[in-house]
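Notes follow the structure.
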Amino acid sequence: MRPVTVVLAFVLLLGGIIQLPLAMAQLAVSARQSDSLHLARQRHQVDSLRLIVKGFPVVPFRDTLFYIYTRQGSFSAAERAEAVARRIRRLGDEYQYSADSLLTSAAEQTIDIEYKNNLIVSVSGQDALWAETSAPEQAERLRALINSAIVKYQQETGLETRVKQALMACLLISGVALLIYLVGRLIKWLTAKVISGQGSWKSKGIKISNTELLNAEQKVNLIEGIAAMVKWLIVALLVYMALPLLFSIFPATAEMSGRLLGYFLNPVKKVGSAVWDYLPNLFTIIVLVLIFRFVLKVLNYFKSEIACGRIVINGFYPDWANPTYQILRIMVLAFMLIVIFPYMPGSDSQVFKGVSVFMGLVFTLGSAGALGNVVAGLVLTYMRAFKIGDRVKINEVTGDIISKSLLVTRIRTIQNEIISIPNSSVMNTHTINYSAEAAQNGLILHTSVTIGYDSPWRQVHALLIEAALATHFIDAEPKPYVLQTSLDDYYVSYRLNAYTKHPNRQAVIYSELHQNIQDAFNRAGVEIMSPHYRAQRDGNASTVIPDAPPAGTAPQGS
């Protein structure tokens with residue numbers, strides 16, 4: 001073999017030896033890059049599954065220690081979680097448990113947590129990806145969690161702990177029983193002191209004005225009933241507050257303690273939060289109410305001034321002041337309610353809106369007649385058809401107005417009968433007001449008599465005027481006067497007209513006037529005719545009374 005060939009072969013062999021490590025290094029780098037890419041893809045897949053995959057909790061005692069998301073072999077995640085919890089519970093029941101015996105060991109594809117060669121849980125690479133850490137770190141973290149849970153459980157369920165818990169429970173129950181006893185004694189003492197320590201107060205009932213709501217015995221029974229109710233409310237509150245404390249002593253019932261407290265505290269928190277959130281609206285409502293209250297005070301001031309005559313408005317009568325104020329007051333209050341409504345709690349709820357619509361419908365349908373009376377009452381007020389105290393005649397009812405409201409008008413007749421007439425009925429009929437002009441021009445009272453043609457008409461006029469002037473409450477000025485209203489076949493009709501400023505005493509005036517007419521004509525020997533006598537003037541005795549009393553004598557009882 002030639003030397004050149006030998007040299008070339010040696011060079012090639014040396015180059016191959018040099019490049020072999022380089023190639024192996026490149027293969028290792030390529031493998032690591034492939035593993036990194038594979039791990040990155042796995043992490044991306046896990047991150048995308050976090051929102052839809054539910055982990056299964058491992059709950060050996062009361063609290064959740066950790067979650068399992070992946071399966072291993074033929075075991076699903078749920079089965080793994082249940083098996084791990086069961087193994088941890090067995091460790092918790094082991095009396096001679098030693099924390100140093102709970103160790104981690106590396107297997108082919110997992111890191112196992114074992115206790116005395118008994119498998120507790122295996123941590124795979126997938127489990128570490130879900131925990132966003134490495135398998136050894138996750139295994140160590142789970143080992144610490146399991147050990148801490150077992151130690152805590154054994155401490156809570158130890159004999160010494162149980163004895164302490166029992167003693168604390170007995171102490172709590174005794175304290176609550178003592179508080180209940182003291183509360184009962186205190187309320188009993190206060191009740192006895194209130195009932196027996198007030199002297200004459202015990203023998204008196206409860207009255208509002210002249211109406212007795214409760215007599216003395218009923219009042220005492222009411223106080224005792226209220227005291228008993230307060231006592232049992234306090235007892236129930238003490239027992240309810242003591243139960244969570246009692247349940248919290250024992251680990252097995254600690255969760256129930258929190259639930260019981262939640263039944264009471266959660267509504268309180270909600271109410272407190274709702275009140276706090278509602279405070280701005282409440283302050284707004286208070287400001288609006290104060291503004292509208294000021295407006296009503298201003299309107300009330302003008303109402304009082306106009307009614308008293310200190311403020312005069314042309315064309316506006318003083319008796320219109322109060323009804324106008326009431327109308328404006330209703331309008332202002334309605335406007336205030338509209339303004340405040342959006343700030344009221346629950347105003348935007350469908351229930352609130354439904355109730356409002358229902359109430360409006362009921363009011364509209366049920367008050368159709370009442371609204372008619374209200375409108376009629378307002379019209380009557382501004383018509384000034386009558387006022388309180390006027391003597392009026394409405395339909396066939398004659399009497400004095402004693403009250404006017406938006407719905408009815410009440411009249412007292414001369415027989416002291418109180419008649420209520422709906423304002424709509426008053427509007428639909430004619431009204432005679434005897435008092436409207438009586439104070440200034442006087443009311444003209446009139447009555448008619450029939451006298452035969454044998455009596456001179458001038459004498460009849462004089463006698464009628466004399467009888468009128470002799471009657472109480474008849475005015476001398478303007479002077480009474482007589483009208484001859486008809487000339488019939490057998491007699492003449494005379495109508496006497498006289499003025500009075502006392503329209504409310506018409507019945508008494510008419511009665512006395514008729515008596516004086518009879519007396520005056522009897523003294524003058526003038527016979528008052530009647531249709532019943534027109535065919536009997538054939539010589540029969542006259543109807544004139546011989547001995548008539550002098551004119552002007554007041555009748556008995558007038």
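Simple scheme: letters A, B, ... for chains in structure tokens order, numbers from 1 for residues in each chain, numbers from 1 for ligands in the order shown.
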Q | Who sits within 10 Å of A:Thr381, only C-alpha atoms, same chain under 2 positions skipped, as a ChimeraX atom specification | A | /A:319-320,323-324,375-379,383-387,404-406
For N, CA, C and O atoms, I'd like the residues from the last selection saved as a PDB file, in the first residue's frame.
ATOM      1  N   ASP A 319    -114.365  83.333  50.805  1.00  0.00           N
ATOM      2  CA  ASP A 319    -114.788  81.961  51.062  1.00  0.00           C
ATOM      3  C   ASP A 319    -114.283  80.985  50.009  1.00  0.00           C
ATOM      4  O   ASP A 319    -114.489  79.778  50.129  1.00  0.00           O
ATOM      5  N   TRP A 320    -113.630  81.493  48.974  1.00  0.00           N
ATOM      6  CA  TRP A 320    -113.001  80.605  48.001  1.00  0.00           C
ATOM      7  C   TRP A 320    -111.596  80.192  48.445  1.00  0.00           C
ATOM      8  O   TRP A 320    -110.992  79.313  47.832  1.00  0.00           O
ATOM      9  N   PRO A 323    -111.244  76.209  49.812  1.00  0.00           N
ATOM     10  CA  PRO A 323    -111.340  75.175  48.777  1.00  0.00           C
ATOM     11  C   PRO A 323    -110.257  75.293  47.714  1.00  0.00           C
ATOM     12  O   PRO A 323    -109.754  74.289  47.209  1.00  0.00           O
ATOM     13  N   THR A 324    -109.879  76.531  47.361  1.00  0.00           N
ATOM     14  CA  THR A 324    -108.803  76.692  46.382  1.00  0.00           C
ATOM     15  C   THR A 324    -107.491  76.149  46.938  1.00  0.00           C
ATOM     16  O   THR A 324    -106.715  75.494  46.225  1.00  0.00           O
ATOM     17  N   VAL A 375    -116.584  66.895  41.759  1.00  0.00           N
ATOM     18  CA  VAL A 375    -116.646  67.984  40.768  1.00  0.00           C
ATOM     19  C   VAL A 375    -117.835  68.892  41.063  1.00  0.00           C
ATOM     20  O   VAL A 375    -117.729  70.122  41.003  1.00  0.00           O
ATOM     21  N   ALA A 376    -118.980  68.292  41.400  1.00  0.00           N
ATOM     22  CA  ALA A 376    -120.153  69.104  41.729  1.00  0.00           C
ATOM     23  C   ALA A 376    -119.904  69.953  42.964  1.00  0.00           C
ATOM     24  O   ALA A 376    -120.318  71.118  43.028  1.00  0.00           O
ATOM     25  N   GLY A 377    -119.199  69.389  43.964  1.00  0.00           N
ATOM     26  CA  GLY A 377    -118.884  70.163  45.161  1.00  0.00           C
ATOM     27  C   GLY A 377    -118.010  71.367  44.848  1.00  0.00           C
ATOM     28  O   GLY A 377    -118.213  72.459  45.389  1.00  0.00           O
ATOM     29  N   LEU A 378    -117.016  71.170  43.966  1.00  0.00           N
ATOM     30  CA  LEU A 378    -116.158  72.293  43.576  1.00  0.00           C
ATOM     31  C   LEU A 378    -116.961  73.354  42.828  1.00  0.00           C
ATOM     32  O   LEU A 378    -116.800  74.560  43.063  1.00  0.00           O
ATOM     33  N   VAL A 379    -117.844  72.919  41.927  1.00  0.00           N
ATOM     34  CA  VAL A 379    -118.661  73.881  41.178  1.00  0.00           C
ATOM     35  C   VAL A 379    -119.558  74.659  42.121  1.00  0.00           C
ATOM     36  O   VAL A 379    -119.711  75.885  41.999  1.00  0.00           O
ATOM     37  N   MET A 383    -119.652  78.620  42.629  1.00  0.00           N
ATOM     38  CA  MET A 383    -120.921  79.282  42.301  1.00  0.00           C
ATOM     39  C   MET A 383    -121.419  80.127  43.456  1.00  0.00           C
ATOM     40  O   MET A 383    -122.221  81.042  43.256  1.00  0.00           O
ATOM     41  N   ARG A 384    -120.966  79.811  44.666  1.00  0.00           N
ATOM     42  CA  ARG A 384    -121.394  80.504  45.876  1.00  0.00           C
ATOM     43  C   ARG A 384    -122.917  80.449  46.018  1.00  0.00           C
ATOM     44  O   ARG A 384    -123.575  81.448  46.322  1.00  0.00           O
ATOM     45  N   ALA A 385    -123.472  79.245  45.755  1.00  0.00           N
ATOM     46  CA  ALA A 385    -124.925  79.095  45.847  1.00  0.00           C
ATOM     47  C   ALA A 385    -125.410  79.241  47.274  1.00  0.00           C
ATOM     48  O   ALA A 385    -126.504  79.738  47.526  1.00  0.00           O
ATOM     49  N   PHE A 386    -124.601  78.835  48.234  1.00  0.00           N
ATOM     50  CA  PHE A 386    -124.954  78.967  49.641  1.00  0.00           C
ATOM     51  C   PHE A 386    -123.701  78.808  50.455  1.00  0.00           C
ATOM     52  O   PHE A 386    -122.651  78.385  49.949  1.00  0.00           O
ATOM     53  N   LYS A 387    -123.806  79.125  51.738  1.00  0.00           N
ATOM     54  CA  LYS A 387    -122.679  78.956  52.662  1.00  0.00           C
ATOM     55  C   LYS A 387    -123.209  78.373  53.968  1.00  0.00           C
ATOM     56  O   LYS A 387    -124.425  78.218  54.145  1.00  0.00           O
ATOM     57  N   LYS A 404    -120.551  71.580  54.324  1.00  0.00           N
ATOM     58  CA  LYS A 404    -120.337  71.367  52.888  1.00  0.00           C
ATOM     59  C   LYS A 404    -119.015  70.624  52.727  1.00  0.00           C
ATOM     60  O   LYS A 404    -117.993  71.060  53.241  1.00  0.00           O
ATOM     61  N   SER A 405    -119.050  69.519  52.025  1.00  0.00           N
ATOM     62  CA  SER A 405    -117.823  68.782  51.734  1.00  0.00           C
ATOM     63  C   SER A 405    -117.746  68.547  50.234  1.00  0.00           C
ATOM     64  O   SER A 405    -118.640  68.957  49.479  1.00  0.00           O
ATOM     65  N   LEU A 406    -116.675  67.881  49.797  1.00  0.00           N
ATOM     66  CA  LEU A 406    -116.538  67.610  48.373  1.00  0.00           C
ATOM     67  C   LEU A 406    -117.539  66.572  47.890  1.00  0.00           C
ATOM     68  O   LEU A 406    -117.769  66.469  46.683  1.00  0.00           O
TER      69      LEU A 406
END
From a DSSP pass on the backbone, collect the residues of stretch 39-285 of chain A flagged as strand (DSSP E or B) and hand them back as an mmCIF file with all heavy atoms, in the first residue's frame.
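And here is the file that came out, result.cif:
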data_model
loop_
_atom_site.group_PDB
_atom_site.id
_atom_site.type_symbol
_atom_site.label_atom_id
_atom_site.label_comp_id
_atom_site.auth_asym_id
_atom_site.auth_seq_id
_atom_site.Cartn_x
_atom_site.Cartn_y
_atom_site.Cartn_z
ATOM 1 N N PHE A 56 -61.722 17.273 40.147
ATOM 2 C CA PHE A 56 -62.451 16.528 41.184
ATOM 3 C C PHE A 56 -61.712 16.692 42.508
ATOM 4 O O PHE A 56 -60.513 16.406 42.611
ATOM 5 C CB PHE A 56 -62.550 15.052 40.806
ATOM 6 C CG PHE A 56 -63.412 14.819 39.609
ATOM 7 C CD1 PHE A 56 -62.858 14.826 38.333
ATOM 8 C CD2 PHE A 56 -64.776 14.640 39.750
ATOM 9 C CE1 PHE A 56 -63.645 14.622 37.221
ATOM 10 C CE2 PHE A 56 -65.581 14.443 38.635
ATOM 11 C CZ PHE A 56 -65.020 14.446 37.359
ATOM 12 N N PRO A 57 -62.414 17.180 43.551
ATOM 13 C CA PRO A 57 -61.736 17.491 44.816
ATOM 14 C C PRO A 57 -61.409 16.242 45.611
ATOM 15 O O PRO A 57 -62.157 15.253 45.609
ATOM 16 C CB PRO A 57 -62.760 18.363 45.545
ATOM 17 C CG PRO A 57 -64.077 17.905 45.019
ATOM 18 C CD PRO A 57 -63.847 17.516 43.590
ATOM 19 N N VAL A 58 -60.313 16.307 46.305
ATOM 20 C CA VAL A 58 -59.925 15.269 47.259
ATOM 21 C C VAL A 58 -60.283 15.786 48.644
ATOM 22 O O VAL A 58 -59.667 16.716 49.158
ATOM 23 C CB VAL A 58 -58.417 14.966 47.155
ATOM 24 C CG1 VAL A 58 -58.018 13.947 48.223
ATOM 25 C CG2 VAL A 58 -58.056 14.470 45.773
ATOM 26 N N PHE A 66 -56.811 19.170 47.556
ATOM 27 C CA PHE A 66 -56.366 19.528 46.199
ATOM 28 C C PHE A 66 -57.337 18.907 45.211
ATOM 29 O O PHE A 66 -58.278 18.202 45.600
ATOM 30 C CB PHE A 66 -54.924 19.064 45.942
ATOM 31 C CG PHE A 66 -54.679 17.597 46.208
ATOM 32 C CD1 PHE A 66 -54.853 16.645 45.206
ATOM 33 C CD2 PHE A 66 -54.284 17.164 47.470
ATOM 34 C CE1 PHE A 66 -54.635 15.303 45.459
ATOM 35 C CE2 PHE A 66 -54.062 15.821 47.722
ATOM 36 C CZ PHE A 66 -54.240 14.893 46.720
ATOM 37 N N TYR A 67 -57.097 19.174 43.919
ATOM 38 C CA TYR A 67 -57.966 18.690 42.845
ATOM 39 C C TYR A 67 -57.168 17.793 41.908
ATOM 40 O O TYR A 67 -55.964 17.990 41.693
ATOM 41 C CB TYR A 67 -58.553 19.852 42.044
ATOM 42 C CG TYR A 67 -59.571 20.665 42.805
ATOM 43 C CD1 TYR A 67 -59.163 21.722 43.616
ATOM 44 C CD2 TYR A 67 -60.923 20.379 42.725
ATOM 45 C CE1 TYR A 67 -60.086 22.469 44.323
ATOM 46 C CE2 TYR A 67 -61.857 21.122 43.429
ATOM 47 C CZ TYR A 67 -61.429 22.170 44.228
ATOM 48 O OH TYR A 67 -62.340 22.908 44.917
ATOM 49 N N ILE A 68 -57.861 16.822 41.344
ATOM 50 C CA ILE A 68 -57.271 15.925 40.349
ATOM 51 C C ILE A 68 -58.012 16.124 39.035
ATOM 52 O O ILE A 68 -59.258 16.064 38.994
ATOM 53 C CB ILE A 68 -57.352 14.458 40.813
ATOM 54 C CG1 ILE A 68 -56.457 14.238 42.040
ATOM 55 C CG2 ILE A 68 -56.959 13.505 39.682
ATOM 56 C CD1 ILE A 68 -56.485 12.835 42.589
ATOM 57 N N GLN A 72 -55.307 8.177 35.166
ATOM 58 C CA GLN A 72 -54.092 7.351 35.144
ATOM 59 C C GLN A 72 -54.507 5.911 34.902
ATOM 60 O O GLN A 72 -55.286 5.337 35.678
ATOM 61 C CB GLN A 72 -53.300 7.454 36.446
ATOM 62 C CG GLN A 72 -52.467 8.699 36.577
ATOM 63 C CD GLN A 72 -51.605 8.682 37.836
ATOM 64 O OE1 GLN A 72 -51.598 7.703 38.572
ATOM 65 N NE2 GLN A 72 -50.888 9.767 38.069
ATOM 66 N N PHE A 75 -58.061 4.308 35.706
ATOM 67 C CA PHE A 75 -58.765 5.106 36.697
ATOM 68 C C PHE A 75 -59.072 6.496 36.122
ATOM 69 O O PHE A 75 -58.155 7.180 35.629
ATOM 70 C CB PHE A 75 -57.933 5.257 37.977
ATOM 71 C CG PHE A 75 -57.813 4.000 38.779
ATOM 72 C CD1 PHE A 75 -56.725 3.156 38.603
ATOM 73 C CD2 PHE A 75 -58.794 3.656 39.697
ATOM 74 C CE1 PHE A 75 -56.611 1.991 39.341
ATOM 75 C CE2 PHE A 75 -58.679 2.497 40.430
ATOM 76 C CZ PHE A 75 -57.597 1.647 40.256
ATOM 77 N N LEU A 102 -44.194 9.378 55.830
ATOM 78 C CA LEU A 102 -44.862 9.810 54.588
ATOM 79 C C LEU A 102 -43.781 10.392 53.679
ATOM 80 O O LEU A 102 -43.275 11.500 53.907
ATOM 81 C CB LEU A 102 -45.946 10.848 54.895
ATOM 82 C CG LEU A 102 -46.837 11.247 53.719
ATOM 83 C CD1 LEU A 102 -47.697 10.048 53.285
ATOM 84 C CD2 LEU A 102 -47.753 12.408 54.118
ATOM 85 N N LEU A 103 -43.416 9.617 52.612
ATOM 86 C CA LEU A 103 -42.274 9.977 51.773
ATOM 87 C C LEU A 103 -42.683 10.029 50.306
ATOM 88 O O LEU A 103 -43.736 9.518 49.910
ATOM 89 C CB LEU A 103 -41.152 8.936 51.957
ATOM 90 C CG LEU A 103 -40.644 8.727 53.394
ATOM 91 C CD1 LEU A 103 -39.687 7.554 53.440
ATOM 92 C CD2 LEU A 103 -39.994 9.993 53.920
ATOM 93 N N THR A 104 -41.797 10.659 49.505
ATOM 94 C CA THR A 104 -41.966 10.670 48.049
ATOM 95 C C THR A 104 -40.868 9.820 47.434
ATOM 96 O O THR A 104 -39.728 9.804 47.898
ATOM 97 C CB THR A 104 -41.878 12.100 47.495
ATOM 98 O OG1 THR A 104 -40.605 12.664 47.819
ATOM 99 C CG2 THR A 104 -42.981 12.969 48.067
ATOM 100 N N SER A 105 -41.234 9.095 46.373
ATOM 101 C CA SER A 105 -40.267 8.250 45.675
ATOM 102 C C SER A 105 -40.542 8.331 44.179
ATOM 103 O O SER A 105 -41.693 8.435 43.750
ATOM 104 C CB SER A 105 -40.353 6.806 46.158
ATOM 105 O OG SER A 105 -41.634 6.276 45.886
ATOM 106 N N ALA A 106 -39.452 8.256 43.393
ATOM 107 C CA ALA A 106 -39.568 8.370 41.939
ATOM 108 C C ALA A 106 -39.822 7.009 41.333
ATOM 109 O O ALA A 106 -39.125 6.039 41.619
ATOM 110 C CB ALA A 106 -38.298 8.985 41.359
ATOM 111 N N THR A 110 -43.851 8.542 37.147
ATOM 112 C CA THR A 110 -44.544 9.330 38.168
ATOM 113 C C THR A 110 -43.654 9.501 39.385
ATOM 114 O O THR A 110 -42.640 8.822 39.539
ATOM 115 C CB THR A 110 -45.860 8.644 38.605
ATOM 116 O OG1 THR A 110 -45.532 7.356 39.164
ATOM 117 C CG2 THR A 110 -46.807 8.487 37.435
ATOM 118 N N ILE A 111 -44.085 10.432 40.248
ATOM 119 C CA ILE A 111 -43.498 10.602 41.564
ATOM 120 C C ILE A 111 -44.566 10.150 42.556
ATOM 121 O O ILE A 111 -45.661 10.744 42.621
ATOM 122 C CB ILE A 111 -43.084 12.057 41.835
ATOM 123 C CG1 ILE A 111 -42.128 12.563 40.753
ATOM 124 C CG2 ILE A 111 -42.461 12.195 43.210
ATOM 125 C CD1 ILE A 111 -40.799 11.836 40.721
ATOM 126 N N ASP A 112 -44.292 9.104 43.333
ATOM 127 C CA ASP A 112 -45.290 8.524 44.225
ATOM 128 C C ASP A 112 -45.109 9.052 45.646
ATOM 129 O O ASP A 112 -43.974 9.265 46.109
ATOM 130 C CB ASP A 112 -45.170 7.003 44.232
ATOM 131 C CG ASP A 112 -45.481 6.400 42.867
ATOM 132 O OD1 ASP A 112 -46.191 7.089 42.093
ATOM 133 O OD2 ASP A 112 -45.017 5.284 42.606
ATOM 134 N N ILE A 113 -46.235 9.230 46.327
ATOM 135 C CA ILE A 113 -46.250 9.565 47.751
ATOM 136 C C ILE A 113 -46.699 8.299 48.472
ATOM 137 O O ILE A 113 -47.808 7.801 48.254
ATOM 138 C CB ILE A 113 -47.185 10.746 48.053
ATOM 139 C CG1 ILE A 113 -46.745 11.991 47.281
ATOM 140 C CG2 ILE A 113 -47.229 11.045 49.545
ATOM 141 C CD1 ILE A 113 -47.696 13.183 47.439
ATOM 142 N N GLU A 114 -45.835 7.792 49.354
ATOM 143 C CA GLU A 114 -46.096 6.514 50.008
ATOM 144 C C GLU A 114 -45.974 6.660 51.520
ATOM 145 O O GLU A 114 -45.275 7.550 52.019
ATOM 146 C CB GLU A 114 -45.090 5.461 49.525
ATOM 147 C CG GLU A 114 -45.151 5.185 48.035
ATOM 148 C CD GLU A 114 -44.092 4.186 47.596
ATOM 149 O OE1 GLU A 114 -43.127 3.995 48.387
ATOM 150 O OE2 GLU A 114 -44.224 3.626 46.507
ATOM 151 N N TYR A 115 -46.710 5.782 52.212
ATOM 152 C CA TYR A 115 -46.599 5.688 53.660
ATOM 153 C C TYR A 115 -46.350 4.228 53.992
ATOM 154 O O TYR A 115 -47.220 3.367 53.800
ATOM 155 C CB TYR A 115 -47.871 6.178 54.347
ATOM 156 C CG TYR A 115 -47.780 6.127 55.866
ATOM 157 C CD1 TYR A 115 -47.106 7.123 56.566
ATOM 158 C CD2 TYR A 115 -48.344 5.073 56.579
ATOM 159 C CE1 TYR A 115 -47.002 7.074 57.948
ATOM 160 C CE2 TYR A 115 -48.251 5.023 57.961
ATOM 161 C CZ TYR A 115 -47.583 6.022 58.645
ATOM 162 O OH TYR A 115 -47.468 5.977 60.011
ATOM 163 N N ASN A 118 -46.972 1.902 51.278
ATOM 164 C CA ASN A 118 -48.359 1.901 50.783
ATOM 165 C C ASN A 118 -48.589 3.182 49.968
ATOM 166 O O ASN A 118 -48.384 4.292 50.460
ATOM 167 C CB ASN A 118 -49.361 1.838 51.931
ATOM 168 C CG ASN A 118 -49.283 0.520 52.677
ATOM 169 O OD1 ASN A 118 -49.159 -0.547 52.065
ATOM 170 N ND2 ASN A 118 -49.347 0.583 54.005
ATOM 171 N N LEU A 119 -49.003 2.986 48.704
ATOM 172 C CA LEU A 119 -49.202 4.133 47.812
ATOM 173 C C LEU A 119 -50.381 4.992 48.277
ATOM 174 O O LEU A 119 -51.470 4.468 48.548
ATOM 175 C CB LEU A 119 -49.441 3.654 46.370
ATOM 176 C CG LEU A 119 -49.711 4.750 45.340
ATOM 177 C CD1 LEU A 119 -48.477 5.621 45.147
ATOM 178 C CD2 LEU A 119 -50.148 4.131 44.008
ATOM 179 N N ILE A 120 -50.127 6.280 48.334
ATOM 180 C CA ILE A 120 -51.203 7.225 48.670
ATOM 181 C C ILE A 120 -51.677 7.934 47.406
ATOM 182 O O ILE A 120 -52.878 7.946 47.100
ATOM 183 C CB ILE A 120 -50.731 8.244 49.717
ATOM 184 C CG1 ILE A 120 -50.192 7.507 50.972
ATOM 185 C CG2 ILE A 120 -51.863 9.189 50.099
ATOM 186 C CD1 ILE A 120 -51.192 6.620 51.641
ATOM 187 N N VAL A 121 -50.765 8.507 46.635
ATOM 188 C CA VAL A 121 -51.128 9.197 45.407
ATOM 189 C C VAL A 121 -49.912 9.228 44.503
ATOM 190 O O VAL A 121 -48.765 9.310 44.971
ATOM 191 C CB VAL A 121 -51.643 10.627 45.689
ATOM 192 C CG1 VAL A 121 -50.591 11.468 46.380
ATOM 193 C CG2 VAL A 121 -52.103 11.305 44.403
ATOM 194 N N SER A 122 -50.110 9.123 43.188
ATOM 195 C CA SER A 122 -49.048 9.226 42.193
ATOM 196 C C SER A 122 -49.206 10.541 41.436
ATOM 197 O O SER A 122 -50.326 10.877 40.987
ATOM 198 C CB SER A 122 -49.116 8.063 41.203
ATOM 199 O OG SER A 122 -48.866 6.840 41.866
ATOM 200 N N VAL A 123 -48.109 11.261 41.282
ATOM 201 C CA VAL A 123 -48.114 12.550 40.591
ATOM 202 C C VAL A 123 -47.428 12.364 39.253
ATOM 203 O O VAL A 123 -46.225 12.047 39.189
ATOM 204 C CB VAL A 123 -47.395 13.635 41.417
ATOM 205 C CG1 VAL A 123 -47.410 14.955 40.679
ATOM 206 C CG2 VAL A 123 -48.058 13.775 42.774
ATOM 207 N N SER A 124 -48.178 12.523 38.166
ATOM 208 C CA SER A 124 -47.630 12.378 36.825
ATOM 209 C C SER A 124 -47.254 13.743 36.264
ATOM 210 O O SER A 124 -47.501 14.792 36.878
ATOM 211 C CB SER A 124 -48.640 11.694 35.916
ATOM 212 O OG SER A 124 -49.792 12.532 35.761
ATOM 213 N N ILE A 206 -107.313 52.724 79.434
ATOM 214 C CA ILE A 206 -106.700 53.534 78.372
ATOM 215 C C ILE A 206 -107.827 54.174 77.572
ATOM 216 O O ILE A 206 -108.696 53.485 77.041
ATOM 217 C CB ILE A 206 -105.810 52.670 77.471
ATOM 218 C CG1 ILE A 206 -104.668 52.068 78.300
ATOM 219 C CG2 ILE A 206 -105.255 53.485 76.312
ATOM 220 C CD1 ILE A 206 -103.775 51.140 77.502
ATOM 221 N N LYS A 207 -107.801 55.504 77.505
ATOM 222 C CA LYS A 207 -108.845 56.247 76.820
ATOM 223 C C LYS A 207 -108.232 57.133 75.750
ATOM 224 O O LYS A 207 -107.125 57.632 75.889
ATOM 225 C CB LYS A 207 -109.639 57.122 77.801
ATOM 226 C CG LYS A 207 -110.509 56.343 78.777
ATOM 227 C CD LYS A 207 -111.330 57.291 79.630
ATOM 228 C CE LYS A 207 -112.257 56.535 80.567
ATOM 229 N NZ LYS A 207 -113.073 57.456 81.389
ATOM 230 N N ILE A 208 -108.977 57.306 74.681
ATOM 231 C CA ILE A 208 -108.673 58.309 73.660
ATOM 232 C C ILE A 208 -109.888 59.205 73.573
ATOM 233 O O ILE A 208 -110.961 58.776 73.155
ATOM 234 C CB ILE A 208 -108.358 57.665 72.304
ATOM 235 C CG1 ILE A 208 -107.104 56.818 72.403
ATOM 236 C CG2 ILE A 208 -108.196 58.734 71.226
ATOM 237 C CD1 ILE A 208 -106.734 56.134 71.106
ATOM 238 N N THR A 211 -113.424 57.864 74.569
ATOM 239 C CA THR A 211 -113.602 56.453 74.211
ATOM 240 C C THR A 211 -112.612 55.601 74.989
ATOM 241 O O THR A 211 -111.401 55.813 74.913
ATOM 242 C CB THR A 211 -113.388 56.242 72.705
ATOM 243 O OG1 THR A 211 -114.285 57.086 71.981
ATOM 244 C CG2 THR A 211 -113.636 54.792 72.331
ATOM 245 N N GLU A 212 -113.120 54.633 75.746
ATOM 246 C CA GLU A 212 -112.274 53.737 76.524
ATOM 247 C C GLU A 212 -111.900 52.538 75.664
ATOM 248 O O GLU A 212 -112.745 51.717 75.311
ATOM 249 C CB GLU A 212 -112.992 53.271 77.789
ATOM 250 C CG GLU A 212 -112.090 52.431 78.703
ATOM 251 C CD GLU A 212 -112.785 52.003 79.970
ATOM 252 O OE1 GLU A 212 -113.975 51.619 79.877
ATOM 253 O OE2 GLU A 212 -112.171 52.042 81.043
ATOM 254 N N LEU A 213 -110.636 52.458 75.321
ATOM 255 C CA LEU A 213 -110.163 51.336 74.525
ATOM 256 C C LEU A 213 -109.973 50.085 75.373
ATOM 257 O O LEU A 213 -110.335 48.986 74.949
ATOM 258 C CB LEU A 213 -108.837 51.708 73.844
ATOM 259 C CG LEU A 213 -108.877 52.893 72.868
ATOM 260 C CD1 LEU A 213 -107.500 53.143 72.294
ATOM 261 C CD2 LEU A 213 -109.892 52.643 71.755
ATOM 262 N N LEU A 214 -109.389 50.263 76.552
ATOM 263 C CA LEU A 214 -109.145 49.126 77.439
ATOM 264 C C LEU A 214 -109.474 49.533 78.863
ATOM 265 O O LEU A 214 -109.139 50.647 79.290
ATOM 266 C CB LEU A 214 -107.674 48.679 77.375
ATOM 267 C CG LEU A 214 -107.129 48.183 76.023
ATOM 268 C CD1 LEU A 214 -105.623 47.953 76.118
ATOM 269 C CD2 LEU A 214 -107.836 46.912 75.590
#
Q: Pick out each residue of stretch 112-148 of chain A that DSSP on the backbone tags as alpha helix (DSSP H); I need them as a PyMOL selection string.
A: chain A and resi 125-131+135-148
Q. Nearest to A:Ala77: which of A:Glu94, A:Asp475, A:Leu333, A:Lys54 is it, counting only C-alpha atoms?
A. A:Lys54
Q: Do a neighbour search on stretch 270-281 of chain A at 9 Å with only C-alpha atoms, toss out local chain neighbours closer than 4 positions, and write the hits as an NGL selection string.
A: :A and (265-266 or 285-286 or 343-345)
Q.
Residues within 12 Å of A:Val460, please, as a ChimeraX atom specification. Count only C-alpha atoms; anything in the same chain fewer than 4 positions from it doesn't count.
A. /A:448-456,464-467,481-484,492-496,517-518,520-522,524-528
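With atom CA of A:Ile509 on one side and atom CA of A:Ile421 on the other, the separation reads 27.0 Å.
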Q) Which residues, written as a ChimeraX atom specification, have at least one atom at most 10 Å from stretch 294-306 of chain A, with only C-alpha atoms counted and residues fewer than 3 positions away on the same chain left out? A) /A:288-291,309-313,316-326,328-329,332-333
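In this model, the gap between atom CA of A:Ser248 and atom CA of A:Tyr97 comes to 26.5 Å.
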Q | Point-to-point distance in Å for atom CA of A:Arg143 and atom CA of A:Val59 | A | 14.8 Å
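For A:Ile432, the list of residues within 10 Å, based on only C-alpha atoms and with local chain neighbours fewer than 4 positions off taken out, reads Ala385, Phe386, Arg391, Val392, Lys393, Ile394, Asn395, Thr398 and Ala436 of chain A.
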